[in-house]
>>> print(open('entry_27.pdb').read())   # PDB, C-alpha atoms
ATOM      1  CA  MET A   1      -1.198 -27.078  34.222  1.00  0.00           C
ATOM      2  CA  ASN A   2       2.554 -27.791  34.254  1.00  0.00           C
ATOM      3  CA  ASP A   3       5.329 -25.208  34.500  1.00  0.00           C
ATOM      4  CA  ASP A   4       5.982 -25.040  30.751  1.00  0.00           C
ATOM      5  CA  GLU A   5       2.334 -24.469  29.983  1.00  0.00           C
ATOM      6  CA  GLU A   6       2.238 -21.768  32.608  1.00  0.00           C
ATOM      7  CA  LEU A   7       5.283 -20.162  30.998  1.00  0.00           C
ATOM      8  CA  SER A   8       3.550 -20.234  27.611  1.00  0.00           C
ATOM      9  CA  ARG A   9       0.403 -18.773  29.072  1.00  0.00           C
ATOM     10  CA  LEU A  10       2.307 -15.946  30.752  1.00  0.00           C
ATOM     11  CA  TYR A  11       4.299 -15.208  27.616  1.00  0.00           C
ATOM     12  CA  ARG A  12       1.182 -15.048  25.436  1.00  0.00           C
ATOM     13  CA  LYS A  13      -0.442 -12.756  27.955  1.00  0.00           C
ATOM     14  CA  ILE A  14       2.356 -10.206  27.826  1.00  0.00           C
ATOM     15  CA  ALA A  15       3.429 -10.572  24.181  1.00  0.00           C
ATOM     16  CA  THR A  16       0.883  -8.182  22.750  1.00  0.00           C
ATOM     17  CA  GLU A  17       2.947  -5.982  20.443  1.00  0.00           C
ATOM     18  CA  ARG A  18       1.314  -5.343  17.096  1.00  0.00           C
ATOM     19  CA  ALA A  19       3.186  -5.223  13.806  1.00  0.00           C
ATOM     20  CA  PRO A  20       3.261  -1.830  12.083  1.00  0.00           C
ATOM     21  CA  MET A  21       0.996  -1.919   9.015  1.00  0.00           C
ATOM     22  CA  ARG A  22       3.405  -2.133   6.078  1.00  0.00           C
ATOM     23  CA  LEU A  23       1.279  -3.914   3.530  1.00  0.00           C
ATOM     24  CA  ASP A  24       1.515  -1.115   0.951  1.00  0.00           C
ATOM     25  CA  ILE A  25       5.296  -0.887   1.250  1.00  0.00           C
ATOM     26  CA  VAL A  26       5.634  -4.634   0.970  1.00  0.00           C
ATOM     27  CA  ARG A  27       3.372  -4.712  -2.069  1.00  0.00           C
ATOM     28  CA  MET A  28       5.264  -1.899  -3.727  1.00  0.00           C
ATOM     29  CA  ARG A  29       8.749  -3.260  -3.010  1.00  0.00           C
ATOM     30  CA  GLY A  30       7.846  -6.857  -3.645  1.00  0.00           C
ATOM     31  CA  HIS A  31       6.099  -6.281  -6.976  1.00  0.00           C
ATOM     32  CA  PRO A  32       3.189  -8.625  -6.441  1.00  0.00           C
ATOM     33  CA  PRO A  33       1.127  -9.698  -9.493  1.00  0.00           C
ATOM     34  CA  GLY A  34      -1.278  -6.773  -9.272  1.00  0.00           C
ATOM     35  CA  ALA A  35       1.504  -4.213  -9.357  1.00  0.00           C
ATOM     36  CA  ARG A  36       3.243  -5.996 -12.220  1.00  0.00           C
ATOM     37  CA  VAL A  37       0.117  -5.903 -14.357  1.00  0.00           C
ATOM     38  CA  SER A  38      -0.205  -2.187 -13.665  1.00  0.00           C
ATOM     39  CA  SER A  39       3.369  -1.553 -14.791  1.00  0.00           C
ATOM     40  CA  ARG A  40       2.762  -3.485 -17.966  1.00  0.00           C
ATOM     41  CA  ALA A  41      -0.426  -1.561 -18.628  1.00  0.00           C
ATOM     42  CA  LEU A  42       1.512   1.667 -18.106  1.00  0.00           C
ATOM     43  CA  VAL A  43       4.126   0.676 -20.701  1.00  0.00           C
ATOM     44  CA  VAL A  44       1.432  -0.288 -23.229  1.00  0.00           C
ATOM     45  CA  ALA A  45      -0.379   3.000 -22.640  1.00  0.00           C
ATOM     46  CA  GLY A  46       2.887   4.890 -23.160  1.00  0.00           C
ATOM     47  CA  LEU A  47       3.504   3.100 -26.457  1.00  0.00           C
ATOM     48  CA  VAL A  48      -0.040   3.858 -27.659  1.00  0.00           C
ATOM     49  CA  VAL A  49       0.437   7.555 -26.874  1.00  0.00           C
ATOM     50  CA  LEU A  50       3.799   7.552 -28.688  1.00  0.00           C
ATOM     51  CA  VAL A  51       2.333   5.951 -31.820  1.00  0.00           C
ATOM     52  CA  ALA A  52      -0.597   8.385 -31.720  1.00  0.00           C
ATOM     53  CA  LEU A  53       1.798  11.339 -31.496  1.00  0.00           C
ATOM     54  CA  ILE A  54       3.867  10.071 -34.431  1.00  0.00           C
ATOM     55  CA  ALA A  55       0.727   9.517 -36.491  1.00  0.00           C
ATOM     56  CA  ALA A  56      -0.519  13.030 -35.685  1.00  0.00           C
ATOM     57  CA  ARG A  57       2.794  14.695 -36.564  1.00  0.00           C
ATOM     58  CA  PRO A  58       1.621  16.187 -39.961  1.00  0.00           C
ATOM     59  CA  LEU A  59      -1.065  18.073 -38.041  1.00  0.00           C
ATOM     60  CA  TRP A  60       1.383  20.423 -36.339  1.00  0.00           C
ATOM     61  CA  THR A  61       4.432  20.358 -38.575  1.00  0.00           C
ATOM     62  CA  SER A  62       5.046  20.080 -42.240  1.00  0.00           C
ATOM     63  CA  PRO A  63       8.068  18.459 -43.829  1.00  0.00           C
ATOM     64  CA  ARG A  64      10.924  20.766 -44.770  1.00  0.00           C
ATOM     65  CA  GLY A  65      10.434  22.225 -48.273  1.00  0.00           C
ATOM     66  CA  ALA A  66       6.693  21.623 -48.418  1.00  0.00           C
ATOM     67  CA  THR A  67       4.544  24.354 -49.929  1.00  0.00           C
ATOM     68  CA  PRO A  68       3.127  26.629 -47.215  1.00  0.00           C
ATOM     69  CA  PRO A  69      -0.657  27.012 -47.084  1.00  0.00           C
ATOM     70  CA  ASP A  70      -2.180  29.895 -49.084  1.00  0.00           C
ATOM     71  CA  GLU A  71      -2.786  32.165 -46.127  1.00  0.00           C
ATOM     72  CA  VAL A  72       0.825  31.752 -45.019  1.00  0.00           C
ATOM     73  CA  ARG A  73       2.037  32.453 -48.567  1.00  0.00           C
ATOM     74  CA  ALA A  74      -0.098  35.614 -48.657  1.00  0.00           C
ATOM     75  CA  TRP A  75       1.315  36.743 -45.322  1.00  0.00           C
ATOM     76  CA  LEU A  76       4.859  36.059 -46.479  1.00  0.00           C
ATOM     77  CA  LEU A  77       4.301  38.028 -49.714  1.00  0.00           C
ATOM     78  CA  GLU A  78       2.811  40.878 -47.762  1.00  0.00           C
ATOM     79  CA  ALA A  79       5.860  40.894 -45.559  1.00  0.00           C
ATOM     80  CA  SER A  80       8.071  40.846 -48.689  1.00  0.00           C
ATOM     81  CA  ILE A  81       9.604  37.607 -47.783  1.00  0.00           C
ATOM     82  CA  GLN A  82      10.108  35.043 -50.497  1.00  0.00           C
ATOM     83  CA  PRO A  83       8.181  31.896 -49.557  1.00  0.00           C
ATOM     84  CA  SER A  84      10.869  29.788 -51.195  1.00  0.00           C
ATOM     85  CA  GLN A  85      13.336  30.760 -48.486  1.00  0.00           C
ATOM     86  CA  PRO A  86      14.187  27.553 -46.617  1.00  0.00           C
ATOM     87  CA  THR A  87      14.199  29.091 -43.141  1.00  0.00           C
ATOM     88  CA  LEU A  88      12.567  32.021 -41.465  1.00  0.00           C
ATOM     89  CA  LYS A  89      13.967  33.888 -38.516  1.00  0.00           C
TER      90      LYS A  89
ATOM     91  CA  MET B   1       0.121 -19.205  -0.156  1.00  0.00           C
ATOM     92  CA  SER B   2      -0.884 -21.615  -2.900  1.00  0.00           C
ATOM     93  CA  ARG B   3      -3.770 -19.313  -3.803  1.00  0.00           C
ATOM     94  CA  TYR B   4      -1.392 -16.371  -3.868  1.00  0.00           C
ATOM     95  CA  ARG B   5       1.048 -18.296  -6.068  1.00  0.00           C
ATOM     96  CA  ASP B   6      -1.815 -19.027  -8.460  1.00  0.00           C
ATOM     97  CA  GLY B   7      -2.529 -15.315  -8.902  1.00  0.00           C
ATOM     98  CA  ASP B   8      -5.022 -14.490  -6.138  1.00  0.00           C
ATOM     99  CA  ALA B   9      -3.548 -11.183  -4.868  1.00  0.00           C
ATOM    100  CA  THR B  10      -6.066 -10.946  -2.003  1.00  0.00           C
ATOM    101  CA  ALA B  11      -4.654 -14.150  -0.530  1.00  0.00           C
ATOM    102  CA  PHE B  12      -1.513 -12.229   0.363  1.00  0.00           C
ATOM    103  CA  ASP B  13      -3.544  -9.735   2.407  1.00  0.00           C
ATOM    104  CA  GLU B  14      -5.028 -12.645   4.326  1.00  0.00           C
ATOM    105  CA  LEU B  15      -1.610 -14.143   4.989  1.00  0.00           C
ATOM    106  CA  TYR B  16      -0.321 -10.786   6.173  1.00  0.00           C
ATOM    107  CA  ALA B  17      -3.273 -10.176   8.464  1.00  0.00           C
ATOM    108  CA  ARG B  18      -2.998 -13.637   9.955  1.00  0.00           C
ATOM    109  CA  HIS B  19       0.751 -13.768  10.598  1.00  0.00           C
ATOM    110  CA  ALA B  20       2.138 -10.207  10.712  1.00  0.00           C
ATOM    111  CA  ASP B  21       1.871  -9.701  14.472  1.00  0.00           C
ATOM    112  CA  ARG B  22       3.399 -13.031  15.432  1.00  0.00           C
ATOM    113  CA  LEU B  23       6.217 -12.625  12.936  1.00  0.00           C
ATOM    114  CA  PHE B  24       6.872  -9.098  14.175  1.00  0.00           C
ATOM    115  CA  ARG B  25       7.062 -10.203  17.813  1.00  0.00           C
ATOM    116  CA  PHE B  26       9.452 -13.007  16.913  1.00  0.00           C
ATOM    117  CA  VAL B  27      11.697 -10.627  14.973  1.00  0.00           C
ATOM    118  CA  LEU B  28      11.389  -7.962  17.675  1.00  0.00           C
ATOM    119  CA  ARG B  29      12.803 -10.278  20.306  1.00  0.00           C
ATOM    120  CA  MET B  30      15.507 -11.561  17.983  1.00  0.00           C
ATOM    121  CA  SER B  31      16.652  -8.064  17.026  1.00  0.00           C
ATOM    122  CA  ARG B  32      17.717  -4.849  18.754  1.00  0.00           C
ATOM    123  CA  GLY B  33      14.512  -2.883  18.710  1.00  0.00           C
ATOM    124  CA  ARG B  34      11.382  -1.872  16.873  1.00  0.00           C
ATOM    125  CA  THR B  35      13.103  -0.065  14.014  1.00  0.00           C
ATOM    126  CA  GLU B  36      15.320  -2.991  13.177  1.00  0.00           C
ATOM    127  CA  ALA B  37      12.479  -5.435  13.707  1.00  0.00           C
ATOM    128  CA  ASP B  38      10.288  -3.439  11.361  1.00  0.00           C
ATOM    129  CA  GLU B  39      12.983  -3.551   8.663  1.00  0.00           C
ATOM    130  CA  ILE B  40      13.565  -7.283   9.063  1.00  0.00           C
ATOM    131  CA  ALA B  41       9.837  -8.064   9.090  1.00  0.00           C
ATOM    132  CA  GLN B  42       9.375  -6.069   5.893  1.00  0.00           C
ATOM    133  CA  ASP B  43      12.266  -7.955   4.291  1.00  0.00           C
ATOM    134  CA  VAL B  44      10.660 -11.241   5.273  1.00  0.00           C
ATOM    135  CA  TRP B  45       7.337 -10.295   3.700  1.00  0.00           C
ATOM    136  CA  ILE B  46       9.038  -9.038   0.555  1.00  0.00           C
ATOM    137  CA  ALA B  47      10.850 -12.368   0.351  1.00  0.00           C
ATOM    138  CA  VAL B  48       7.468 -14.103   0.609  1.00  0.00           C
ATOM    139  CA  VAL B  49       6.133 -11.971  -2.240  1.00  0.00           C
ATOM    140  CA  ARG B  50       9.144 -12.732  -4.401  1.00  0.00           C
ATOM    141  CA  ALA B  51       9.006 -16.439  -3.636  1.00  0.00           C
ATOM    142  CA  ARG B  52       5.393 -16.797  -4.690  1.00  0.00           C
ATOM    143  CA  THR B  53       6.150 -18.271  -8.104  1.00  0.00           C
ATOM    144  CA  THR B  54       8.544 -20.873  -6.748  1.00  0.00           C
ATOM    145  CA  TYR B  55       6.657 -21.701  -3.553  1.00  0.00           C
ATOM    146  CA  MET B  56       6.137 -25.418  -3.005  1.00  0.00           C
ATOM    147  CA  PRO B  57       3.790 -26.395  -0.180  1.00  0.00           C
ATOM    148  CA  THR B  58       6.109 -28.979   1.351  1.00  0.00           C
ATOM    149  CA  ALA B  59       5.456 -27.666   4.870  1.00  0.00           C
ATOM    150  CA  ARG B  60       3.047 -25.393   6.696  1.00  0.00           C
ATOM    151  CA  PHE B  61       3.172 -21.760   5.652  1.00  0.00           C
ATOM    152  CA  THR B  62       4.318 -20.727   9.139  1.00  0.00           C
ATOM    153  CA  THR B  63       7.340 -22.998   8.787  1.00  0.00           C
ATOM    154  CA  PHE B  64       8.153 -21.361   5.465  1.00  0.00           C
ATOM    155  CA  LEU B  65       7.617 -17.860   6.895  1.00  0.00           C
ATOM    156  CA  PHE B  66       9.688 -18.389  10.035  1.00  0.00           C
ATOM    157  CA  SER B  67      12.445 -20.058   8.010  1.00  0.00           C
ATOM    158  CA  ILE B  68      12.887 -16.810   6.117  1.00  0.00           C
ATOM    159  CA  ALA B  69      12.727 -14.848   9.382  1.00  0.00           C
ATOM    160  CA  HIS B  70      15.348 -17.155  10.922  1.00  0.00           C
ATOM    161  CA  ARG B  71      17.703 -16.529   7.997  1.00  0.00           C
ATOM    162  CA  ARG B  72      17.206 -12.778   8.113  1.00  0.00           C
ATOM    163  CA  CYS B  73      17.782 -12.655  11.869  1.00  0.00           C
ATOM    164  CA  THR B  74      20.827 -14.898  11.619  1.00  0.00           C
ATOM    165  CA  ASP B  75      22.322 -12.715   8.895  1.00  0.00           C
ATOM    166  CA  ARG B  76      21.732  -9.642  11.045  1.00  0.00           C
ATOM    167  CA  LEU B  77      23.220 -11.373  14.089  1.00  0.00           C
ATOM    168  CA  ARG B  78      26.353 -12.356  12.186  1.00  0.00           C
ATOM    169  CA  SER B  79      26.832  -8.863  10.920  1.00  0.00           C
ATOM    170  CA  LEU B  80      26.468  -7.514  14.456  1.00  0.00           C
ATOM    171  CA  VAL B  81      28.866 -10.057  15.890  1.00  0.00           C
ATOM    172  CA  ARG B  82      31.385  -8.976  13.281  1.00  0.00           C
ATOM    173  CA  ARG B  83      31.014  -5.445  14.541  1.00  0.00           C
ATOM    174  CA  ALA B  84      31.351  -6.743  18.131  1.00  0.00           C
ATOM    175  CA  LYS B  85      28.133  -5.278  19.414  1.00  0.00           C
ATOM    176  CA  PHE B  86      25.818  -6.718  21.960  1.00  0.00           C
ATOM    177  CA  TRP B  87      22.354  -5.539  22.621  1.00  0.00           C
ATOM    178  CA  VAL B  88      20.711  -7.156  25.603  1.00  0.00           C
ATOM    179  CA  GLU B  89      19.960  -3.861  27.341  1.00  0.00           C
ATOM    180  CA  ASP B  90      18.661  -2.261  24.139  1.00  0.00           C
ATOM    181  CA  ALA B  91      16.510  -5.254  23.428  1.00  0.00           C
ATOM    182  CA  VAL B  92      14.988  -5.263  26.895  1.00  0.00           C
ATOM    183  CA  GLU B  93      14.225  -1.591  26.510  1.00  0.00           C
ATOM    184  CA  ALA B  94      12.730  -2.212  23.059  1.00  0.00           C
ATOM    185  CA  ALA B  95      10.615  -5.054  24.316  1.00  0.00           C
ATOM    186  CA  THR B  96       9.053  -2.764  26.865  1.00  0.00           C
ATOM    187  CA  GLU B  97       8.456   0.239  24.596  1.00  0.00           C
ATOM    188  CA  THR B  98       5.183   2.070  24.342  1.00  0.00           C
ATOM    189  CA  GLY B  99       2.042   0.418  23.029  1.00  0.00           C
ATOM    190  CA  PRO B 100      -0.431  -2.036  24.455  1.00  0.00           C
ATOM    191  CA  PHE B 101       2.359  -3.419  26.540  1.00  0.00           C
ATOM    192  CA  ASP B 102       2.346  -0.190  28.584  1.00  0.00           C
ATOM    193  CA  VAL B 103      -0.648  -1.485  30.431  1.00  0.00           C
ATOM    194  CA  LEU B 104       1.441  -4.364  31.635  1.00  0.00           C
ATOM    195  CA  HIS B 105       4.409  -2.350  32.769  1.00  0.00           C
ATOM    196  CA  ALA B 106       3.183  -2.687  36.296  1.00  0.00           C
ATOM    197  CA  ASN B 107       3.345  -6.396  35.911  1.00  0.00           C
ATOM    198  CA  GLN B 108       6.793  -7.145  37.237  1.00  0.00           C
ATOM    199  CA  LEU B 109       6.465 -10.790  36.338  1.00  0.00           C
ATOM    200  CA  GLY B 110       5.874  -9.897  32.703  1.00  0.00           C
ATOM    201  CA  ARG B 111       8.839  -7.564  32.633  1.00  0.00           C
ATOM    202  CA  ALA B 112      10.984 -10.189  34.250  1.00  0.00           C
ATOM    203  CA  LEU B 113       9.956 -12.765  31.677  1.00  0.00           C
ATOM    204  CA  LEU B 114      10.723 -10.468  28.741  1.00  0.00           C
ATOM    205  CA  ALA B 115      14.076  -9.534  30.253  1.00  0.00           C
ATOM    206  CA  ALA B 116      14.854 -13.200  30.847  1.00  0.00           C
ATOM    207  CA  ILE B 117      13.958 -14.032  27.239  1.00  0.00           C
ATOM    208  CA  GLN B 118      16.362 -11.367  26.027  1.00  0.00           C
ATOM    209  CA  ASP B 119      19.063 -12.783  28.304  1.00  0.00           C
ATOM    210  CA  LEU B 120      18.784 -16.243  26.753  1.00  0.00           C
ATOM    211  CA  PRO B 121      21.467 -17.331  24.279  1.00  0.00           C
ATOM    212  CA  ALA B 122      20.220 -16.581  20.759  1.00  0.00           C
ATOM    213  CA  SER B 123      19.653 -20.216  19.805  1.00  0.00           C
ATOM    214  CA  GLN B 124      17.585 -20.929  22.949  1.00  0.00           C
ATOM    215  CA  ARG B 125      15.662 -17.686  22.602  1.00  0.00           C
ATOM    216  CA  GLU B 126      14.900 -18.533  18.997  1.00  0.00           C
ATOM    217  CA  ALA B 127      13.700 -22.033  19.832  1.00  0.00           C
ATOM    218  CA  PHE B 128      11.415 -20.646  22.540  1.00  0.00           C
ATOM    219  CA  LEU B 129      10.004 -17.914  20.272  1.00  0.00           C
ATOM    220  CA  LEU B 130       9.474 -20.260  17.339  1.00  0.00           C
ATOM    221  CA  LYS B 131       7.431 -22.454  19.655  1.00  0.00           C
ATOM    222  CA  GLU B 132       5.446 -19.609  21.193  1.00  0.00           C
ATOM    223  CA  GLU B 133       5.035 -17.174  18.301  1.00  0.00           C
ATOM    224  CA  GLY B 134       5.281 -19.575  15.376  1.00  0.00           C
ATOM    225  CA  GLU B 135       3.485 -22.362  17.184  1.00  0.00           C
ATOM    226  CA  LEU B 136       5.927 -24.711  15.525  1.00  0.00           C
ATOM    227  CA  THR B 137       6.523 -28.285  16.583  1.00  0.00           C
ATOM    228  CA  LEU B 138       9.962 -29.610  17.487  1.00  0.00           C
ATOM    229  CA  ASP B 139      10.360 -31.049  14.000  1.00  0.00           C
ATOM    230  CA  GLU B 140       9.342 -27.784  12.400  1.00  0.00           C
ATOM    231  CA  ILE B 141      11.756 -25.795  14.563  1.00  0.00           C
ATOM    232  CA  ALA B 142      14.479 -28.239  13.542  1.00  0.00           C
ATOM    233  CA  LEU B 143      13.582 -27.664   9.900  1.00  0.00           C
ATOM    234  CA  VAL B 144      13.620 -23.881  10.294  1.00  0.00           C
ATOM    235  CA  THR B 145      16.884 -23.658  12.208  1.00  0.00           C
ATOM    236  CA  GLY B 146      18.725 -26.491  10.506  1.00  0.00           C
ATOM    237  CA  ALA B 147      19.420 -28.161  13.855  1.00  0.00           C
ATOM    238  CA  SER B 148      18.550 -31.726  14.799  1.00  0.00           C
ATOM    239  CA  ARG B 149      15.346 -32.508  16.651  1.00  0.00           C
ATOM    240  CA  GLU B 150      17.304 -33.487  19.764  1.00  0.00           C
ATOM    241  CA  THR B 151      19.284 -30.259  19.696  1.00  0.00           C
ATOM    242  CA  VAL B 152      16.078 -28.262  19.432  1.00  0.00           C
ATOM    243  CA  LYS B 153      14.534 -30.224  22.263  1.00  0.00           C
ATOM    244  CA  SER B 154      17.568 -29.538  24.403  1.00  0.00           C
ATOM    245  CA  ARG B 155      17.609 -25.812  23.557  1.00  0.00           C
ATOM    246  CA  LEU B 156      13.957 -25.548  24.386  1.00  0.00           C
ATOM    247  CA  ARG B 157      14.392 -27.378  27.669  1.00  0.00           C
ATOM    248  CA  TYR B 158      17.303 -25.148  28.718  1.00  0.00           C
ATOM    249  CA  ALA B 159      15.391 -22.038  27.678  1.00  0.00           C
ATOM    250  CA  GLN B 160      12.323 -23.000  29.653  1.00  0.00           C
ATOM    251  CA  ARG B 161      14.392 -23.922  32.694  1.00  0.00           C
ATOM    252  CA  ARG B 162      16.237 -20.593  32.643  1.00  0.00           C
ATOM    253  CA  LEU B 163      13.021 -18.663  32.223  1.00  0.00           C
ATOM    254  CA  ARG B 164      11.390 -20.496  35.104  1.00  0.00           C
ATOM    255  CA  GLU B 165      14.415 -19.811  37.295  1.00  0.00           C
ATOM    256  CA  ALA B 166      14.287 -16.129  36.382  1.00  0.00           C
ATOM    257  CA  LEU B 167      10.621 -15.974  37.297  1.00  0.00           C
ATOM    258  CA  ASP B 168      11.056 -17.830  40.564  1.00  0.00           C
ATOM    259  CA  THR B 169      12.678 -14.763  42.115  1.00  0.00           C
ATOM    260  CA  TRP B 170       9.457 -12.830  41.465  1.00  0.00           C
ATOM    261  CA  ARG B 171       7.158 -15.330  43.075  1.00  0.00           C
TER     262      ARG B 171
END
>>> encode(input="entry_27.pdb", output="structure tokens")
Amino acid sequence: MNDDEELSRLYRKIATERAPMRLDIVRMRGHPPGARVSSRALVVAGLVVLVALIAARPLWTSPRGATPPDEVRAWLLEASIQPSQPTLK
Amino acid sequence: MSRYRDGDATAFDELYARHADRLFRFVLRMSRGRTEADEIAQDVWIAVVRARTTYMPTARFTTFLFSIAHRRCTDRLRSLVRRAKFWVEDAVEAATETGPFDVLHANQLGRALLAAIQDLPASQREAFLLKEEGELTLDEIALVTGASRETVKSRLRYAQRRLREALDTWR
């Protein structure tokens, strides 16, 4: 074994430091393909929820000026409030 | 890397597992300590991730990986030189921090070698580490560092001679 080989052998014997495990950080900061697909899926899911909410809007609100349901009309009459009033406070 | 470029995400895990330690040790000895080395090594891996779509297998992956590491370390070195700082003592201390290396603290020869490596001029230290940690050939080291083959050969020869001289006092 020559001197340079001995130097290599000694170096490899003492150079034993291990790298800190940073795979998750690297994946997250580097946006590998898996993470990119997830982001895209998240955007699509968000859009689907938005469309569903818009479509369901008549279920919780009625357009301004629409006739209130009968039970609401009855309650309004009982409370001596004209149902034709545009706003209620 | 070609598998990773073609969409196989698990291939990256394999690359990381295979090369992370060697890359970290290279960066550790080219930087001022574990914290900085950790940052640089992360940057290198992130650069690998971001280069996946443009990666062309014109050389071995290690050559590609250590080329990025060389650039990152050089950038850091330039910025430090601008701020007129020098770090030999810090680097020696960092190289002998806690960890598996503790076991070898008693080994004066090992300590002497690490200290001698840190005392080498940056270009010689880099050539030596690219050979030992990257297992790169002279031509590959030349490719990574942008120096000629003869220059690399000379740097390596000087580095090895200085290291041997440093160790002779311990024998």
>>> resolve_selection(input="entry_27.pdb", expression="the PyMOL selection byres ((chain A) within 8 of (chain B))", output="MDAnalysis selection string")
chainID A and resid 3:4 7:8 10:12 14:20 22:23 26:27 29:34
>>> atom_distance(input="entry_27.pdb", atom1="atom CA of B:Arg76", atom2="atom CA of B:Phe64")
18.8 Å
>>> atom_distance(input="entry_27.pdb", atom1="atom CA of B:Ala127", atom2="atom CA of B:Glu150")
12.0 Å
>>> axis_aligned_box(input="entry_27.pdb", around="stretch 28-31 of chain B", padding_each_side="6 Å", output="AutoDock Vina command-line options")
--center_x 14.0 --center_y -9.8 --center_z 18.7 --size_x 17.3 --size_y 15.6 --size_z 15.3
>>> atom_distance(input="entry_27.pdb", atom1="atom CA of B:Tyr158", atom2="atom CA of B:Leu120")
9.2 Å
>>> closest_residue(input="entry_27.pdb", among="B:Ala166, B:Ala142, B:Ile40, B:Met1", to="B:Arg60", atoms="only C-alpha atoms")
B:Met1
>>> residues_around(input="entry_27.pdb", residues="B:Glu140", least_positions_apart="6", cutoff="10 Å", atoms="all atoms listed in the file", output="tab-separated table (two decimals) with C-alpha atoms, in the frame of the given file")
chain	number	residue	atom	x	y	z
B	59	ALA	CA	5.46	-27.67	4.87
B	60	ARG	CA	3.05	-25.39	6.70
B	62	THR	CA	4.32	-20.73	9.14
B	63	THR	CA	7.34	-23.00	8.79
B	64	PHE	CA	8.15	-21.36	5.46
B	66	PHE	CA	9.69	-18.39	10.04
B	67	SER	CA	12.44	-20.06	8.01
B	130	LEU	CA	9.47	-20.26	17.34
B	131	LYS	CA	7.43	-22.45	19.66
B	134	GLY	CA	5.28	-19.58	15.38
B	146	GLY	CA	18.73	-26.49	10.51
B	149	ARG	CA	15.35	-32.51	16.65
B	152	VAL	CA	16.08	-28.26	19.43
